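K.L.:
What follows is a structure written as structure tokens; I'll ask about it next.
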Amino acid sequence: MKLFQYLKLPLRIPLNSQKSTPHIVQTILAVVAFLLLCSHIFIIPVSHARTLSEPVRAQEVVRGFKGIYPSAGDRILVIAPHSDDETLGAGGFLYDAVRCGATAYVVLMTNGDGFTLAADREFRTLRATSRKFVELGYKRQGESLDALTILGVPEKDIFFLGYPDKGLSLMWHEHWSMSSPYLSKYTKTSKSPYFNSYQPDAIYSGEDVVRDLEDIILKVHPTIILTASPVDMHPDHWATYNFTLYAVEHLDQKGMLPIPKPRVLWYLVHRGEWPHPKGFRPNSELLPPKGLTGVGFNWFSYRLSNEAVVTKGEAIRKYKSQVSIMARYLLSFARTNELFAEATVTPVPDIPWPGLIIDGMLDDWSHDIKPMEEPIKDCIVRKVEGGGDFAGVLVGKDGKDLYLAIKLRTRASREILYRLHLHSVGIRGHEGPEGDIDFTFRPQKSGPVYIVAPARNNTRLEGIRAASRDKIIEVAIPLGLLGNPQRLFLGVESRFQGIIIDRTTWRVLKICDG
């Protein structure tokens with residue numbers, strides 16, 4: 001573990017805290033140093049650095065935004081994690097769509113009320129109270145209303161859901177049920193404290209999020225849905241993508257999805273140093289991050305009108321609580337185009353009887369089954385720790401099991417914890433064995449894999465088999481444990497002592513027709 005050794009991070013944290021205080025202090029300092037490093041890699045834009053997330057050359061962009069230009073008959077639904085993402089990701093498209101006669105709607109999943117730096121600056125304090133975080137949420141709502149007014153979206157077509165900032169991923173993973181709501185560490189509540197939330201007193205649970213999104217989709221009948229990205233580094237963003245796709249697939253599964261079915265695309269906001277270079281550059285093109293080309297994404301570049309570029313810049317400046325902190329980063333999105341990629345559902349190929357031998361080898365996998373590719377070496381952590389850098393995932397099924405082969409860039413490591421998330425669509429008991437498999441596994445020296453469910457999870461592990469050899473981790477999960485779903489969300493992550501190394505693109509798998 002070269003990088004962690006460089007940071008002098010011990011592989012084991014002493015259990016006796018009273019006798020090991022110097023070691024714990026060293027560990028804490030090392031973790032803080034590492035997180036500061038990661039903040040520059042993953043979240044905070046740094047204007048002077050060129051990294052592995054720099055954009056590709058113009059000629060590498062695959063194709064334009066064909067067949068998706070807005071028309072007078074379109075109903076555009078933008079779903080954003082926080083107040084400002086709607087404008088950063090799709091503000092120009094919204095502006096042009098409204099001008100050509102389309103109807104535009106915007107959903108704000110959260111009010112961005114967990115941004116401590118913004119709260120401290122706004123209220124001139126070193127420790128904002130829960131009331132101040134709610135005040136910040138209302139302020140950010142007002143900023144979205146001002147920005148969207150400039151873009152032509154009327155207030156009546158803007159929906160504030162009121163869910164917790166920095167809590168969406170936990171609601172997806174751990175607080176799906178309304179009987180086990182998430183408690184916001186900022187607003188100190190497990191339900192929306194905002195009087196104008198789409199559903200008053202909305203419970204902080206995944207079930208409530210899906211209910212709201214399904215209700216809005218049925219109400220507005222969108223022809224195009226633009227949502228956050230499954231490869232965004234911010235957990236609220238990939239969780240927004242998952243909730244959006246879950247609502248769409250669940251409605252489709254029940255035969256309730258509006259006809260014609262909406263086209264779902266996603267926009268990216270957080271990915272390393274992207275966009276690069278920073279600053280307001282209205283004559284420059286926005287290009288995909290280098291690591292996200294050539295790995296199965298179909299990028300579309302929507303060309304903005306000159307007026308749309310200028311207007312988008314004006315709209316971004318309305319987010320004063322954010323611009324005062326990171327103006328150059330936010331204005332980096334006001335360029336000649338906006339980028340989108342299409343959300344897809346991946347059919348799972350059949351494995352002929354008698355299935356696969358789980359031995360960590362691919363020799364019994366059909367050559368017709370191609371891996372779902374992942375970007376590699378696209379940040380410092382993943383470049384150094386190849387055993388946690390995902391290169392791709394193969395999927396297959398027979399009548400009994402779902403098979404996964406997780407490909408790593410280098411040999412799987414016993415020091416890294418791998419975590420598998422499988423979320424069934426429309427299966428009751430999402431947080432239990434009928435609807436969700438959420439377990440961690442660690443390769444052993446001899447090839448077997450040690451599997452354990454999180455303490456919070458009641459998942460039964462009977463029938464799950466796993467083995468690792470060299471760069472492959474192979475897993476078989478009984479479909480019965482998942483409730484024999486029609487659609488299934490797949491995500492894998494790697495961690496070292498709680499620090500994330502990599503996370504696969506969230507995928508929706510089509511298990512069977514329905």
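FYI, nothing fancy with the structure tokens labels: chains A, B, ... in order, residues from 1 per chain, ligands from 1 as they appear.
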Write out as an MDAnalysis selection string the residues lying within 8 Å of range 117-121 of chain A, counting only C-alpha atoms and excluding same-chain residues fewer than 3 positions away.
P.N.:
chainID A and resid 124:128 132:133 136 321:322 325
K.L.:
Can I get the selected residues back with N, CA and C atoms, as a CSV table (one decimal), in the first residue's frame?
P.N.:
chain,number,residue,atom,x,y,z
A,124,ARG,N,-21.4,34.3,9.6
A,124,ARG,CA,-20.3,34.8,10.3
A,124,ARG,C,-20.1,34.1,11.6
A,125,THR,N,-20.0,32.8,11.5
A,125,THR,CA,-19.8,32.0,12.7
A,125,THR,C,-18.9,30.9,12.4
A,126,LEU,N,-18.3,30.3,13.5
A,126,LEU,CA,-17.4,29.1,13.3
A,126,LEU,C,-18.2,27.8,13.5
A,127,ARG,N,-19.4,27.9,13.9
A,127,ARG,CA,-20.2,26.7,14.1
A,127,ARG,C,-21.7,27.0,14.0
A,128,ALA,N,-22.2,26.8,12.8
A,128,ALA,CA,-23.6,27.1,12.5
A,128,ALA,C,-24.5,26.2,13.2
A,132,LYS,N,-29.6,27.7,11.5
A,132,LYS,CA,-28.8,28.4,10.5
A,132,LYS,C,-28.7,27.6,9.2
A,133,PHE,N,-28.5,26.3,9.4
A,133,PHE,CA,-28.4,25.4,8.2
A,133,PHE,C,-29.8,25.5,7.4
A,136,LEU,N,-29.9,28.6,5.6
A,136,LEU,CA,-29.0,28.5,4.4
A,136,LEU,C,-29.8,27.8,3.3
A,321,SER,N,-24.2,32.6,-2.5
A,321,SER,CA,-23.6,31.8,-1.4
A,321,SER,C,-22.5,30.9,-1.9
A,322,GLN,N,-22.6,30.5,-3.2
A,322,GLN,CA,-21.6,29.5,-3.7
A,322,GLN,C,-20.5,30.3,-4.5
A,325,ILE,N,-17.5,31.6,-2.8
A,325,ILE,CA,-16.5,30.6,-2.3
A,325,ILE,C,-15.7,30.0,-3.5
K.L.:
With DSSP run on the backbone, what are the helix (DSSP H, G or I) residues within range 55-279 of chain A? I'd like them as an MDAnalysis selection string.
P.N.:
chainID A and resid 58:60 85:99 116:123 130:151 155:157 168:173 206:220 235:253
K.L.:
List as a PyMOL selection string the protein and nucleic acid residues near range 72-75 of chain A, meaning an atom at most 9 Å away when only C-alpha atoms are counted, but skip any in the same chain fewer than 6 places from it.
P.N.:
chain A and resi 97-105+220-225
K.L.:
Could those selected residues go to a file with N, CA and C atoms, as a PDB file, in the first residue's frame?
P.N.:
ATOM      1  N   ALA A  97     -34.484  25.548 -24.576  1.00  0.00           N
ATOM      2  CA  ALA A  97     -35.731  24.787 -24.656  1.00  0.00           C
ATOM      3  C   ALA A  97     -36.938  25.686 -24.425  1.00  0.00           C
ATOM      4  N   VAL A  98     -36.881  26.544 -23.420  1.00  0.00           N
ATOM      5  CA  VAL A  98     -37.991  27.439 -23.132  1.00  0.00           C
ATOM      6  C   VAL A  98     -38.192  28.423 -24.278  1.00  0.00           C
ATOM      7  N   ARG A  99     -37.101  28.922 -24.844  1.00  0.00           N
ATOM      8  CA  ARG A  99     -37.206  29.887 -25.956  1.00  0.00           C
ATOM      9  C   ARG A  99     -37.850  29.285 -27.196  1.00  0.00           C
ATOM     10  N   CYS A 100     -37.657  27.977 -27.392  1.00  0.00           N
ATOM     11  CA  CYS A 100     -38.252  27.370 -28.592  1.00  0.00           C
ATOM     12  C   CYS A 100     -39.662  26.844 -28.326  1.00  0.00           C
ATOM     13  N   GLY A 101     -40.175  27.055 -27.120  1.00  0.00           N
ATOM     14  CA  GLY A 101     -41.559  26.693 -26.834  1.00  0.00           C
ATOM     15  C   GLY A 101     -41.752  25.435 -26.010  1.00  0.00           C
ATOM     16  N   ALA A 102     -40.684  24.805 -25.601  1.00  0.00           N
ATOM     17  CA  ALA A 102     -40.800  23.622 -24.743  1.00  0.00           C
ATOM     18  C   ALA A 102     -41.185  24.043 -23.331  1.00  0.00           C
ATOM     19  N   THR A 103     -41.712  23.095 -22.574  1.00  0.00           N
ATOM     20  CA  THR A 103     -42.030  23.321 -21.167  1.00  0.00           C
ATOM     21  C   THR A 103     -40.930  22.717 -20.315  1.00  0.00           C
ATOM     22  N   ALA A 104     -40.437  23.467 -19.349  1.00  0.00           N
ATOM     23  CA  ALA A 104     -39.317  23.001 -18.522  1.00  0.00           C
ATOM     24  C   ALA A 104     -39.740  22.920 -17.065  1.00  0.00           C
ATOM     25  N   TYR A 105     -39.321  21.847 -16.422  1.00  0.00           N
ATOM     26  CA  TYR A 105     -39.570  21.633 -14.999  1.00  0.00           C
ATOM     27  C   TYR A 105     -38.234  21.309 -14.333  1.00  0.00           C
ATOM     28  N   VAL A 220     -45.927  15.486 -14.810  1.00  0.00           N
ATOM     29  CA  VAL A 220     -45.446  16.349 -15.902  1.00  0.00           C
ATOM     30  C   VAL A 220     -45.248  15.601 -17.213  1.00  0.00           C
ATOM     31  N   HIS A 221     -45.267  14.261 -17.195  1.00  0.00           N
ATOM     32  CA  HIS A 221     -45.089  13.457 -18.416  1.00  0.00           C
ATOM     33  C   HIS A 221     -43.890  13.932 -19.240  1.00  0.00           C
ATOM     34  N   PRO A 222     -42.697  13.877 -18.709  1.00  0.00           N
ATOM     35  CA  PRO A 222     -41.539  14.420 -19.440  1.00  0.00           C
ATOM     36  C   PRO A 222     -41.207  13.606 -20.681  1.00  0.00           C
ATOM     37  N   THR A 223     -40.736  14.281 -21.701  1.00  0.00           N
ATOM     38  CA  THR A 223     -40.192  13.590 -22.875  1.00  0.00           C
ATOM     39  C   THR A 223     -38.686  13.416 -22.744  1.00  0.00           C
ATOM     40  N   ILE A 224     -38.042  14.293 -21.973  1.00  0.00           N
ATOM     41  CA  ILE A 224     -36.598  14.223 -21.716  1.00  0.00           C
ATOM     42  C   ILE A 224     -36.368  14.450 -20.228  1.00  0.00           C
ATOM     43  N   ILE A 225     -35.588  13.578 -19.608  1.00  0.00           N
ATOM     44  CA  ILE A 225     -35.171  13.756 -18.217  1.00  0.00           C
ATOM     45  C   ILE A 225     -33.659  13.932 -18.201  1.00  0.00           C
TER      46      ILE A 225
END
K.L.:
Name the residues of range 98-288 of chain A that fall into strand (DSSP E or B) according to DSSP on the backbone, using the chain letters and numbers of this document, as number ranges by chain.
P.N.:
A: 103-110, 158-163, 191, 203, 224-228, 263-267, 271, 274
K.L.:
Let's have the selection written as a JSON list (two decimals), in the first residue's frame, with N, CA and C atoms.
P.N.:
[["chain", "number", "residue", "atom", "x", "y", "z"],
["A", 103, "THR", "N", -41.71, 23.09, -22.57],
["A", 103, "THR", "CA", -42.03, 23.32, -21.17],
["A", 103, "THR", "C", -40.93, 22.72, -20.32],
["A", 104, "ALA", "N", -40.44, 23.47, -19.35],
["A", 104, "ALA", "CA", -39.32, 23.00, -18.52],
["A", 104, "ALA", "C", -39.74, 22.92, -17.06],
["A", 105, "TYR", "N", -39.32, 21.85, -16.42],
["A", 105, "TYR", "CA", -39.57, 21.63, -15.00],
["A", 105, "TYR", "C", -38.23, 21.31, -14.33],
["A", 106, "VAL", "N", -38.11, 21.70, -13.07],
["A", 106, "VAL", "CA", -36.87, 21.44, -12.33],
["A", 106, "VAL", "C", -37.21, 20.87, -10.96],
["A", 107, "VAL", "N", -36.52, 19.78, -10.61],
["A", 107, "VAL", "CA", -36.63, 19.17, -9.28],
["A", 107, "VAL", "C", -35.31, 19.37, -8.55],
["A", 108, "LEU", "N", -35.36, 19.94, -7.35],
["A", 108, "LEU", "CA", -34.19, 20.06, -6.48],
["A", 108, "LEU", "C", -34.32, 19.04, -5.37],
["A", 109, "MET", "N", -33.47, 18.03, -5.39],
["A", 109, "MET", "CA", -33.53, 16.96, -4.39],
["A", 109, "MET", "C", -33.27, 17.49, -2.98],
["A", 110, "THR", "N", -32.24, 18.30, -2.82],
["A", 110, "THR", "CA", -31.91, 18.91, -1.53],
["A", 110, "THR", "C", -31.82, 20.41, -1.73],
["A", 158, "ILE", "N", -41.07, 24.55, -10.47],
["A", 158, "ILE", "CA", -39.86, 24.20, -9.72],
["A", 158, "ILE", "C", -40.28, 23.50, -8.44],
["A", 159, "PHE", "N", -39.75, 22.30, -8.21],
["A", 159, "PHE", "CA", -40.15, 21.48, -7.07],
["A", 159, "PHE", "C", -38.97, 21.30, -6.12],
["A", 160, "PHE", "N", -39.13, 21.78, -4.90],
["A", 160, "PHE", "CA", -38.13, 21.57, -3.86],
["A", 160, "PHE", "C", -38.56, 20.37, -3.02],
["A", 161, "LEU", "N", -37.78, 19.28, -3.07],
["A", 161, "LEU", "CA", -38.16, 18.08, -2.33],
["A", 161, "LEU", "C", -37.78, 18.16, -0.86],
["A", 162, "GLY", "N", -36.69, 18.87, -0.53],
["A", 162, "GLY", "CA", -36.34, 19.10, 0.86],
["A", 162, "GLY", "C", -35.60, 17.97, 1.55],
["A", 163, "TYR", "N", -34.97, 17.09, 0.78],
["A", 163, "TYR", "CA", -34.23, 15.98, 1.40],
["A", 163, "TYR", "C", -32.85, 16.45, 1.86],
["A", 191, "LYS", "N", -36.95, 14.54, 9.00],
["A", 191, "LYS", "CA", -37.97, 14.87, 8.00],
["A", 191, "LYS", "C", -37.74, 16.31, 7.56],
["A", 203, "ILE", "N", -40.40, 12.31, 4.85],
["A", 203, "ILE", "CA", -39.50, 11.51, 5.68],
["A", 203, "ILE", "C", -38.20, 11.29, 4.93],
["A", 224, "ILE", "N", -38.04, 14.29, -21.97],
["A", 224, "ILE", "CA", -36.60, 14.22, -21.72],
["A", 224, "ILE", "C", -36.37, 14.45, -20.23],
["A", 225, "ILE", "N", -35.59, 13.58, -19.61],
["A", 225, "ILE", "CA", -35.17, 13.76, -18.22],
["A", 225, "ILE", "C", -33.66, 13.93, -18.20],
["A", 226, "LEU", "N", -33.20, 15.01, -17.57],
["A", 226, "LEU", "CA", -31.77, 15.26, -17.40],
["A", 226, "LEU", "C", -31.47, 15.18, -15.91],
["A", 227, "THR", "N", -30.60, 14.26, -15.54],
["A", 227, "THR", "CA", -30.32, 14.05, -14.13],
["A", 227, "THR", "C", -28.82, 13.99, -13.89],
["A", 228, "ALA", "N", -28.41, 13.82, -12.62],
["A", 228, "ALA", "CA", -27.00, 13.79, -12.26],
["A", 228, "ALA", "C", -26.35, 12.49, -12.75],
["A", 263, "ARG", "N", -36.70, 10.00, -22.56],
["A", 263, "ARG", "CA", -35.30, 9.71, -22.76],
["A", 263, "ARG", "C", -34.53, 10.26, -21.58],
["A", 264, "VAL", "N", -33.70, 9.45, -20.95],
["A", 264, "VAL", "CA", -32.99, 9.87, -19.74],
["A", 264, "VAL", "C", -31.52, 10.06, -20.07],
["A", 265, "LEU", "N", -31.01, 11.25, -19.76],
["A", 265, "LEU", "CA", -29.59, 11.55, -19.95],
["A", 265, "LEU", "C", -29.04, 12.13, -18.65],
["A", 266, "TRP", "N", -27.71, 12.09, -18.52],
["A", 266, "TRP", "CA", -27.11, 12.63, -17.30],
["A", 266, "TRP", "C", -26.01, 13.63, -17.64],
["A", 267, "TYR", "N", -25.77, 14.51, -16.66],
["A", 267, "TYR", "CA", -24.75, 15.54, -16.78],
["A", 267, "TYR", "C", -23.77, 15.37, -15.63],
["A", 271, "ARG", "N", -15.73, 15.80, -11.04],
["A", 271, "ARG", "CA", -14.82, 14.73, -11.48],
["A", 271, "ARG", "C", -13.40, 15.26, -11.48],
["A", 274, "TRP", "N", -11.69, 18.45, -13.36],
["A", 274, "TRP", "CA", -12.60, 18.84, -14.44],
["A", 274, "TRP", "C", -13.65, 19.81, -13.92]]
K.L.:
Write out as a tab-separated table the residues of range 165-265 of chain A that have any atom within 10 Å of an atom of range 479-502 of chain A, one row each with the nearest atom pair and its distance in Å to one decimal, counting only C-alpha atoms, sorted by chain and then rising number.
P.N.:
residue	atom	partner	partner_atom	distance
A:Pro230	CA	A:Gly491	CA	9.8
A:Met233	CA	A:Asp502	CA	9.8
A:Asn242	CA	A:Phe489	CA	8.0
A:Leu245	CA	A:Phe489	CA	9.3
A:Tyr246	CA	A:Phe489	CA	8.4
A:Glu249	CA	A:Arg487	CA	7.5
A:His250	CA	A:Arg487	CA	8.6
A:Gln253	CA	A:Gln486	CA	8.1
K.L.:
Once you count only C-alpha atoms, what closest atom pair and distance in Å to one decimal does each residue of range 266-337 of chain A within 9 Å of range 376-398 of chain A have, with rows by chain and rising residue number, as JSON lines?
P.N.:
{"residue": "A:Gly272", "atom": "CA", "partner": "A:Cys379", "partner_atom": "CA", "distance": 7.3}
{"residue": "A:Lys290", "atom": "CA", "partner": "A:Asp378", "partner_atom": "CA", "distance": 8.2}
{"residue": "A:Gly291", "atom": "CA", "partner": "A:Asp378", "partner_atom": "CA", "distance": 5.7}
{"residue": "A:Leu292", "atom": "CA", "partner": "A:Asp378", "partner_atom": "CA", "distance": 8.8}
K.L.:
Restricting it to C-alpha atoms, dump the selection as a short mmCIF file (atom, residue, chain, number, x, y, z; two decimals), in the first residue's frame.
P.N.:
data_model
loop_
_atom_site.label_atom_id
_atom_site.label_comp_id
_atom_site.auth_asym_id
_atom_site.auth_seq_id
_atom_site.Cartn_x
_atom_site.Cartn_y
_atom_site.Cartn_z
CA GLY A 272 -11.32 15.53 -10.29
CA LYS A 290 -10.03 12.10 -20.32
CA GLY A 291 -10.68 9.06 -18.14
CA LEU A 292 -14.34 8.89 -19.18
#
K.L.:
Taking into account only C-alpha atoms, which residue in the set A:Lys254, A:Lys166, A:Arg140, A:His173 is nearest to Leu422 in chain A?
P.N.:
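Comparing A:Lys254, A:Lys166, A:Arg140, A:His173 against Leu422 in chain A, the winner is A:His173.
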K.L.:
One decimal, in Å: what's the spacing between CA of Gly91 in chain A and CA of Thr504 in chain A?
P.N.:
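Answer for the CA of Gly91 in chain A to CA of Thr504 in chain A separation: 27.7 Å.
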K.L.:
Grab the CA of Gly355 in chain A to CA of Gly463 in chain A distance for me, in Å with one decimal place.
P.N.:
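Going from CA of Gly355 in chain A over to CA of Gly463 in chain A covers 14.1 Å.
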